[in-house]
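Peer 1: Sharing a structure below in structure tokens format, with a few things to ask.
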Amino acid sequence: MTRESQDQSNTYDDEVLNLDPNFKYEITKQTGGEKLLRCLQCGTCAGICPVFEVDERYDPQKIIKMALNGMRKELLSSELIWMCSTCYACNEYCPQDVMVADLMCAIQNIATRYGYPAPALEDKIQILKYHARTLPLDNFDNKKRLKLKLPSIEEKPQDITQIIENTGIERILENALTPVTNEIAGAVSEDRR
Amino acid sequence: MLNDKGVEEEIKPDVKIGVYVCSCNGSFEKSIDIEPIIDHVRNFPDVVKVEHYKHLCEEEELEQIKEDIKNEIVDRVVVAGCTPSTHEDIMGNILEEAGLNRYLYEHANIREQCSWVHSDMDAATEKAMSIIAMAIAKSRLSEPLIGTEIEIKPNALVIGGGIAGMQVSLDLAQNGFKSYLVEREPELGGRTYGLNTTYPTSNCGICCMHDCKNCKLTPKIEEFYNNPNIEVLTNSEVSKIDGHIGNYAAEVRNKIGDLKKLYVGTIIISTGSKTFDPNKLPEYGYENEDVVTILELEKLHNFRRPSDGKVPETVNFILCVGSRSEKSGNPHCSLVCCNFAIGQAREIKELYPNTNVYVHYMDIRAAYQGFEEFYAEARDMGINFVRGRVAKVEKIGDKLMVRAKDMDMGILLKIKSDLVVLAVGQEPVEGTGQLAKMLNQELDIEGFIKNINPQYRSFEDNGIYSAGCVLGPKGIRHSIEDAKNAAMNAGNLLRKGRIRLSPIKSRVVDANCDGCAYCIDPCLYNALTLIEYNRSGAIKKTVERNEGKCRGCGVCAATCPKKGIYVSHYRPEQISAMIDAALEVA
């Protein structure tokens, strides 16, 4: 097995947890995740994180530890990875320059590719694509503007539609790989080697 | 070969080369095919013997080489195997024991430079052949060399009068060698001099529990000023150093501007380190009065708050401030801060049992002897050890809020604190770089003087030793061990009185040198000077080489456009032969 040959230092019971020792290398190959292996697990990121302050379920240090442990399925399918507010405080404070916020983005990208997109991501993309806004305009808005003697506005989403198409995000979502099972995780690692 | 008149002479060497290939306990055989190499090398001209050994480092097999030399089967030896940096000297000794000059030996590195780094067997085998062919080509033209003997001046210059420098001087003095101890500050003792207590032994930095600045009765200081073999030069800095092993001339200038010239045989660098400046980490709020470093806490009267003099109800210690952090440029562990901070936490707890003491740590490095017990006792005393690095210290009213994750609980702690203590680490002190440049010492990636693995240090090239924190962060105990080690090495050199220099030095061919002086600037060791002399009525310019300073690096030979200077043992015709050999095989 590739998993055993690549990383023998892992002494977790990986049959029970489905640990994938190559997951950390998958992340380091993703833009933003390059510095994952520098982490000393000091907890500074969690200590400064405003999300952790209000909801202790979102713990960046624990997420990094899960990534290092190879808890691929647990991490990618977790909704917690989407709770990052991208305030970049962790990037600023991390003593090892792990770039935690960028790392979260890398993990989110991998999750999306493997069929675990952010909740309601598809709807959000559709709204953005066809309205060029996160909240669509309707008559109500223009009536309010009229009362204030402001000219009415109309949606001109063409440019944004083009940009969204160019990003290829829809294709990624359509062709998302089936949610990760142990076999696929193994196959992917094999492929990447 | 260039003769004295600078004319190329055809030389037809009459040599018998023995090639001994070692496969390092069979470890090469995975990537190099040894047998075809042996067969190939056998056909080389002047090669009279080719042998394959599994472990050449074993006595029996080395004896075989000695036998071959003694029986006059071979008179040049080429060994292909491991690296010359560890084994060239050892092989040289073998040759000398067998009665052959050690410079008739060539080392072909087919381990680090070939088998360990290549996986393609055919290509690696071909490369190994090239490497061995080059060594044979060089060996064919090698000649016996003998170095010049020079005198060693029986005294030492110790730069930096901290605990390490003082110990070096004392040890040298005890062995009867005079040393000059140069210290930038007005007092000896460095950082240890100001310390009230060191842990876990609870001794003071130098001796007692009182303010050491005014104390002249401490044993070491006393021993010092009364020792005829030690000349202390405080308030002074080394401004210039010239010379070479056994004979250095140093200029020492004091604060008033007086200049003193010292002539010494060896130099010991013990300039120490400095503590990290916590202003570089604004998140720890060092601008607040009640945020202090461990060294400032030492000087606080009864550990009271600096702002209002009250007994602190809550104290937070933060470890690894400026250590173990890529961002602050110090990825190293500073070794002493855990120990020191825990000792201080214990003292606070002993003095004020009701005070709540937290120690925020990433990992506790309890590496000194007796320290794990000291740490365990601190836990017993009721000091709270919290795993997790502190993210931020904020001022709220007259209190400080320490914000950190408790990693064992997975929760965020916000601790209202009266006093925050930063366990600052060590980093290279200003001037280490200039001093290293002046003395041609290598620096490591962080700016400390590079620590040479003592296991492999066998040849004296410059007679300069280092001790203490200038080599990297360490505590008093390890600095003193370092100092004793350096003093022993320096003492061994001084005791010899005379040493033989390596004969691998540059040689000027006066007939070819026209004094263009191209070689003078590139020389890293200032070994070359331009001179003029009267040759049959006309002024002739030429270059003079200082044998002690020259390290035989070959920069001058590479610069010279006129074959006016070369390095013995690496003569141009030897290098050409090696290049030819490399191209032939390929």
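Every chain in the structure tokens has a letter given in the order shown (A, B, ...), and although residue numbers restart at 1 in each chain, ligands are simply numbered from 1 in the order shown.
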Please identify all polymer residues within 10 Å of Leu501 in chain B, counting only C-alpha atoms, omitting same-chain residues fewer than 3 positions from it, and present them as a list in words.

Peer 2: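 Here the qualifying residues turn out to be Ile146, Gly147, Thr148, Glu149, Ile150, Ile245, Phe459, Glu460, Asp461, Asn462, Arg498, Ile504, Lys505, Glu547, Gly548 and Arg551 of chain B.
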
Peer 1: Once you count only C-alpha atoms, what closest atom pair and distance in Å to one decimal does each residue of chain B within 10 Å of chain A have, with rows by chain and rising residue number, as JSON lines?

Peer 2:
{"residue": "B:Leu281", "atom": "CA", "partner": "A:Tyr93", "partner_atom": "CA", "distance": 9.3}
{"residue": "B:Glu283", "atom": "CA", "partner": "A:Tyr93", "partner_atom": "CA", "distance": 8.1}
{"residue": "B:Val321", "atom": "CA", "partner": "A:Pro95", "partner_atom": "CA", "distance": 9.8}
{"residue": "B:Gly322", "atom": "CA", "partner": "A:Pro95", "partner_atom": "CA", "distance": 8.8}
{"residue": "B:Ser323", "atom": "CA", "partner": "A:Pro95", "partner_atom": "CA", "distance": 9.1}
{"residue": "B:Arg324", "atom": "CA", "partner": "A:Pro95", "partner_atom": "CA", "distance": 7.7}
{"residue": "B:Ser325", "atom": "CA", "partner": "A:Pro95", "partner_atom": "CA", "distance": 4.7}
{"residue": "B:Glu326", "atom": "CA", "partner": "A:Gln96", "partner_atom": "CA", "distance": 4.8}
{"residue": "B:Lys327", "atom": "CA", "partner": "A:Pro95", "partner_atom": "CA", "distance": 5.3}
{"residue": "B:Ser328", "atom": "CA", "partner": "A:Pro95", "partner_atom": "CA", "distance": 7.3}
{"residue": "B:Gly329", "atom": "CA", "partner": "A:Pro95", "partner_atom": "CA", "distance": 9.5}
{"residue": "B:Asn330", "atom": "CA", "partner": "A:Pro95", "partner_atom": "CA", "distance": 9.9}
{"residue": "B:Pro331", "atom": "CA", "partner": "A:Gln96", "partner_atom": "CA", "distance": 8.3}
{"residue": "B:Tyr361", "atom": "CA", "partner": "A:Cys42", "partner_atom": "CA", "distance": 8.3}
{"residue": "B:Met362", "atom": "CA", "partner": "A:Cys42", "partner_atom": "CA", "distance": 5.5}
{"residue": "B:Asp363", "atom": "CA", "partner": "A:Cys42", "partner_atom": "CA", "distance": 8.6}
{"residue": "B:Arg387", "atom": "CA", "partner": "A:Cys42", "partner_atom": "CA", "distance": 7.9}
{"residue": "B:Gly388", "atom": "CA", "partner": "A:Gly43", "partner_atom": "CA", "distance": 5.1}
{"residue": "B:Arg389", "atom": "CA", "partner": "A:Cys42", "partner_atom": "CA", "distance": 5.1}
{"residue": "B:Val390", "atom": "CA", "partner": "A:Thr44", "partner_atom": "CA", "distance": 6.2}
{"residue": "B:Ala391", "atom": "CA", "partner": "A:Thr44", "partner_atom": "CA", "distance": 4.9}
{"residue": "B:Lys392", "atom": "CA", "partner": "A:Ile48", "partner_atom": "CA", "distance": 7.1}
{"residue": "B:Val402", "atom": "CA", "partner": "A:Gly47", "partner_atom": "CA", "distance": 9.9}
{"residue": "B:Arg403", "atom": "CA", "partner": "A:Gly47", "partner_atom": "CA", "distance": 6.3}
{"residue": "B:Ala404", "atom": "CA", "partner": "A:Gly47", "partner_atom": "CA", "distance": 4.7}
{"residue": "B:Lys405", "atom": "CA", "partner": "A:Gly47", "partner_atom": "CA", "distance": 4.7}
{"residue": "B:Asp406", "atom": "CA", "partner": "A:Gly43", "partner_atom": "CA", "distance": 8.0}
{"residue": "B:Met407", "atom": "CA", "partner": "A:Gly43", "partner_atom": "CA", "distance": 6.7}
{"residue": "B:Gly410", "atom": "CA", "partner": "A:Glu56", "partner_atom": "CA", "distance": 7.4}
{"residue": "B:Ile411", "atom": "CA", "partner": "A:Glu56", "partner_atom": "CA", "distance": 6.4}
{"residue": "B:Leu412", "atom": "CA", "partner": "A:Gly47", "partner_atom": "CA", "distance": 6.3}
{"residue": "B:Leu413", "atom": "CA", "partner": "A:Gly47", "partner_atom": "CA", "distance": 8.0}
{"residue": "B:Lys414", "atom": "CA", "partner": "A:Gly47", "partner_atom": "CA", "distance": 9.4}

Peer 1: Neighbouring residues of Leu170 in chain B were defined as those with any atom within 10 Å, considering only C-alpha atoms; residues of the same chain fewer than 5 positions away were excluded. Please report them as a list in words.

Peer 2: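 Here the qualifying residues turn out to be Ala164, Gly165, Asn175, Gly176, Phe177, Lys178, Ser179, Lys220, Glu223, Phe224, Asn227, Asn229, Ile230, Ala483, Lys484 and Ala487 of chain B.
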
Peer 1: Based on the backbone DSSP call, show me all residues of range 71-133 of chain A assigned helix (DSSP H, G or I), as an mmCIF file with N, CA and C atoms, in the first residue's frame.

Peer 2:
data_model
loop_
_atom_site.group_PDB
_atom_site.id
_atom_site.type_symbol
_atom_site.label_atom_id
_atom_site.label_comp_id
_atom_site.auth_asym_id
_atom_site.auth_seq_id
_atom_site.Cartn_x
_atom_site.Cartn_y
_atom_site.Cartn_z
ATOM 1 N N ARG A 72 -8.961 13.055 6.275
ATOM 2 C CA ARG A 72 -9.394 13.655 5.026
ATOM 3 C C ARG A 72 -10.910 13.783 4.962
ATOM 4 N N LYS A 73 -11.582 12.650 5.156
ATOM 5 C CA LYS A 73 -13.033 12.631 4.983
ATOM 6 C C LYS A 73 -13.690 13.516 6.050
ATOM 7 N N GLU A 74 -13.252 13.346 7.285
ATOM 8 C CA GLU A 74 -13.849 14.101 8.388
ATOM 9 C C GLU A 74 -13.712 15.602 8.141
ATOM 10 N N LEU A 75 -12.525 16.015 7.664
ATOM 11 C CA LEU A 75 -12.269 17.442 7.502
ATOM 12 C C LEU A 75 -13.011 18.004 6.298
ATOM 13 N N LEU A 76 -12.916 17.319 5.148
ATOM 14 C CA LEU A 76 -13.516 17.877 3.937
ATOM 15 C C LEU A 76 -15.041 17.921 4.036
ATOM 16 N N GLU A 79 -18.623 21.053 8.057
ATOM 17 C CA GLU A 79 -19.072 22.415 7.737
ATOM 18 C C GLU A 79 -18.189 23.461 8.405
ATOM 19 N N LEU A 80 -17.389 23.025 9.377
ATOM 20 C CA LEU A 80 -16.583 23.982 10.137
ATOM 21 C C LEU A 80 -15.596 24.731 9.257
ATOM 22 N N ILE A 81 -15.092 24.049 8.209
ATOM 23 C CA ILE A 81 -14.071 24.714 7.389
ATOM 24 C C ILE A 81 -14.621 25.942 6.679
ATOM 25 N N TRP A 82 -15.951 26.048 6.615
ATOM 26 C CA TRP A 82 -16.542 27.211 5.940
ATOM 27 C C TRP A 82 -16.821 28.356 6.900
ATOM 28 N N MET A 83 -16.479 28.168 8.174
ATOM 29 C CA MET A 83 -16.788 29.216 9.149
ATOM 30 C C MET A 83 -15.715 30.293 9.230
ATOM 31 N N ALA A 89 -6.371 37.543 10.729
ATOM 32 C CA ALA A 89 -5.639 37.771 11.981
ATOM 33 C C ALA A 89 -4.643 36.650 12.210
ATOM 34 N N CYS A 90 -5.048 35.403 11.891
ATOM 35 C CA CYS A 90 -4.151 34.259 12.111
ATOM 36 C C CYS A 90 -2.900 34.389 11.257
ATOM 37 N N ASN A 91 -3.055 34.872 10.018
ATOM 38 C CA ASN A 91 -1.878 35.085 9.170
ATOM 39 C C ASN A 91 -0.906 36.052 9.832
ATOM 40 N N GLU A 92 -1.466 37.103 10.424
ATOM 41 C CA GLU A 92 -0.635 38.132 11.047
ATOM 42 C C GLU A 92 0.101 37.607 12.275
ATOM 43 N N TYR A 93 -0.595 36.787 13.082
ATOM 44 C CA TYR A 93 -0.055 36.430 14.392
ATOM 45 C C TYR A 93 0.770 35.149 14.388
ATOM 46 N N VAL A 100 -2.451 30.775 7.882
ATOM 47 C CA VAL A 100 -3.584 29.909 8.210
ATOM 48 C C VAL A 100 -4.809 30.222 7.360
ATOM 49 N N ALA A 101 -5.084 31.530 7.112
ATOM 50 C CA ALA A 101 -6.276 31.889 6.347
ATOM 51 C C ALA A 101 -6.165 31.358 4.919
ATOM 52 N N ASP A 102 -4.969 31.456 4.341
ATOM 53 C CA ASP A 102 -4.772 30.925 2.997
ATOM 54 C C ASP A 102 -4.901 29.404 2.992
ATOM 55 N N LEU A 103 -4.453 28.817 4.095
ATOM 56 C CA LEU A 103 -4.543 27.365 4.231
ATOM 57 C C LEU A 103 -5.997 26.912 4.255
ATOM 58 N N MET A 104 -6.840 27.694 4.972
ATOM 59 C CA MET A 104 -8.270 27.377 5.017
ATOM 60 C C MET A 104 -8.836 27.402 3.608
ATOM 61 N N CYS A 105 -8.412 28.410 2.844
ATOM 62 C CA CYS A 105 -8.886 28.557 1.474
ATOM 63 C C CYS A 105 -8.475 27.328 0.651
ATOM 64 N N ALA A 106 -7.252 26.855 0.864
ATOM 65 C CA ALA A 106 -6.772 25.681 0.132
ATOM 66 C C ALA A 106 -7.628 24.464 0.474
ATOM 67 N N ILE A 107 -7.931 24.313 1.768
ATOM 68 C CA ILE A 107 -8.740 23.164 2.188
ATOM 69 C C ILE A 107 -10.141 23.280 1.595
ATOM 70 N N GLN A 108 -10.679 24.517 1.587
ATOM 71 C CA GLN A 108 -12.013 24.730 1.015
ATOM 72 C C GLN A 108 -12.022 24.360 -0.468
ATOM 73 N N ASN A 109 -10.959 24.717 -1.179
ATOM 74 C CA ASN A 109 -10.885 24.389 -2.603
ATOM 75 C C ASN A 109 -10.896 22.894 -2.829
ATOM 76 N N ILE A 110 -10.111 22.182 -1.993
ATOM 77 C CA ILE A 110 -10.066 20.728 -2.150
ATOM 78 C C ILE A 110 -11.448 20.145 -1.849
ATOM 79 N N ALA A 111 -12.087 20.672 -0.803
ATOM 80 C CA ALA A 111 -13.398 20.158 -0.421
ATOM 81 C C ALA A 111 -14.399 20.346 -1.555
ATOM 82 N N THR A 112 -14.371 21.525 -2.168
ATOM 83 C CA THR A 112 -15.305 21.803 -3.260
ATOM 84 C C THR A 112 -15.075 20.827 -4.414
ATOM 85 N N ARG A 113 -13.807 20.597 -4.716
ATOM 86 C CA ARG A 113 -13.478 19.722 -5.836
ATOM 87 C C ARG A 113 -13.977 18.299 -5.586
ATOM 88 N N LEU A 121 -23.657 27.104 -1.887
ATOM 89 C CA LEU A 121 -22.697 27.764 -2.787
ATOM 90 C C LEU A 121 -23.294 27.914 -4.187
ATOM 91 N N GLU A 122 -23.986 26.848 -4.636
ATOM 92 C CA GLU A 122 -24.524 26.878 -5.988
ATOM 93 C C GLU A 122 -25.525 28.035 -6.148
ATOM 94 N N ASP A 123 -26.404 28.184 -5.176
ATOM 95 C CA ASP A 123 -27.384 29.277 -5.231
ATOM 96 C C ASP A 123 -26.680 30.623 -5.259
ATOM 97 N N LYS A 124 -25.686 30.745 -4.425
ATOM 98 C CA LYS A 124 -24.972 32.030 -4.353
ATOM 99 C C LYS A 124 -24.333 32.344 -5.695
ATOM 100 N N ILE A 125 -23.773 31.323 -6.326
ATOM 101 C CA ILE A 125 -23.115 31.559 -7.619
ATOM 102 C C ILE A 125 -24.146 31.992 -8.660
ATOM 103 N N GLN A 126 -25.297 31.324 -8.656
ATOM 104 C CA GLN A 126 -26.334 31.675 -9.627
ATOM 105 C C GLN A 126 -26.768 33.133 -9.446
ATOM 106 N N ILE A 127 -27.002 33.543 -8.199
ATOM 107 C CA ILE A 127 -27.420 34.925 -7.938
ATOM 108 C C ILE A 127 -26.350 35.897 -8.424
ATOM 109 N N LEU A 128 -25.116 35.594 -8.084
ATOM 110 C CA LEU A 128 -24.023 36.479 -8.471
ATOM 111 C C LEU A 128 -23.890 36.536 -9.989
ATOM 112 N N LYS A 129 -24.074 35.396 -10.625
ATOM 113 C CA LYS A 129 -23.860 35.315 -12.070
ATOM 114 C C LYS A 129 -24.929 36.104 -12.836
ATOM 115 N N TYR A 130 -26.179 35.968 -12.442
ATOM 116 C CA TYR A 130 -27.245 36.578 -13.241
ATOM 117 C C TYR A 130 -27.709 37.929 -12.717
ATOM 118 N N HIS A 131 -27.264 38.313 -11.541
ATOM 119 C CA HIS A 131 -27.657 39.620 -11.012
ATOM 120 C C HIS A 131 -26.464 40.525 -10.707
#

Peer 1: Return as a ChimeraX atom specification the full set of residues in range 131-322 of chain B whose backbone-based DSSP assignment is strand (DSSP E or B).

Peer 2: /B:149-151,155-159,162,178-182,189,198,203,230-233,236-244,247-254,259-264,266-269,273-275,291-293,314-321

Peer 1: Residues near range 351-357 of chain B, anyone? I mean within 9 Å using only C-alpha atoms, not counting same-chain ones fewer than 3 positions away, as a ChimeraX atom specification.

Peer 2: /B:302-303,311-317,345-348,381-385

Peer 1: Would you kindly return, as a compact mmCIF listing (two decimals) with all heavy atoms, in the first residue's frame, each protein, DNA or RNA residue with an atom no farther than 8 Å from any atom of Arg184 in chain B, considering only C-alpha atoms and excluding same-chain residues fewer than 2 positions away?

Peer 2:
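The result, stored in part_21.txt:
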# COMPACT_ATOMS: atom_id res chain seq x y z
N GLY B 160 35.63 38.98 24.57
CA GLY B 160 34.35 38.86 25.26
C GLY B 160 34.54 38.31 26.66
O GLY B 160 34.99 37.19 26.82
N VAL B 182 39.48 40.76 26.55
CA VAL B 182 38.96 42.05 26.10
C VAL B 182 37.44 42.08 26.29
O VAL B 182 36.74 41.17 25.85
CB VAL B 182 39.29 42.27 24.61
CG1 VAL B 182 38.76 43.61 24.14
CG2 VAL B 182 40.79 42.20 24.40
N PRO B 186 32.12 47.95 30.97
CA PRO B 186 33.06 48.28 32.05
C PRO B 186 33.29 47.13 33.03
O PRO B 186 34.27 47.14 33.77
CB PRO B 186 32.40 49.46 32.77
CG PRO B 186 31.09 49.69 32.14
CD PRO B 186 30.92 48.78 30.99
N THR B 234 39.02 45.98 30.12
CA THR B 234 37.60 46.31 30.01
C THR B 234 37.43 47.61 29.23
O THR B 234 38.41 48.29 28.94
CB THR B 234 36.96 46.47 31.41
OG1 THR B 234 37.82 47.26 32.19
CG2 THR B 234 36.71 45.14 32.06
N ASN B 235 36.18 47.94 28.91
CA ASN B 235 35.88 49.14 28.13
C ASN B 235 36.63 49.16 26.81
O ASN B 235 36.93 50.23 26.28
CB ASN B 235 36.26 50.41 28.91
CG ASN B 235 35.14 50.82 29.84
OD1 ASN B 235 33.98 50.66 29.50
ND2 ASN B 235 35.50 51.33 30.99
N SER B 236 36.94 48.00 26.30
CA SER B 236 37.79 47.95 25.11
C SER B 236 37.16 47.08 24.03
O SER B 236 36.38 46.19 24.32
CB SER B 236 39.16 47.36 25.45
OG SER B 236 39.75 48.05 26.50
N GLU B 237 37.54 47.39 22.80
CA GLU B 237 37.08 46.57 21.69
C GLU B 237 38.23 46.26 20.78
O GLU B 237 39.16 47.05 20.63
CB GLU B 237 35.99 47.30 20.90
CG GLU B 237 34.63 47.23 21.55
CD GLU B 237 33.54 47.75 20.64
OE1 GLU B 237 33.37 47.18 19.54
OE2 GLU B 237 32.86 48.71 21.03

Peer 1: Write out as a PyMOL selection string each polymer residue whose atoms come within 6 Å of Leu56 in chain B, counting only C-alpha atoms; drop sequence neighbours fewer than 3 positions from it.

Peer 2: chain B and resi 22+53+61

Peer 1: Need to verify the contact set: Ala582 in chain B, 10 Å, only C-alpha atoms, exclusion of same-chain residues closer than 5 positions in sequence. Can you return it as a PyMOL selection string?

Peer 2: chain B and resi 127+129-135+137+576-577
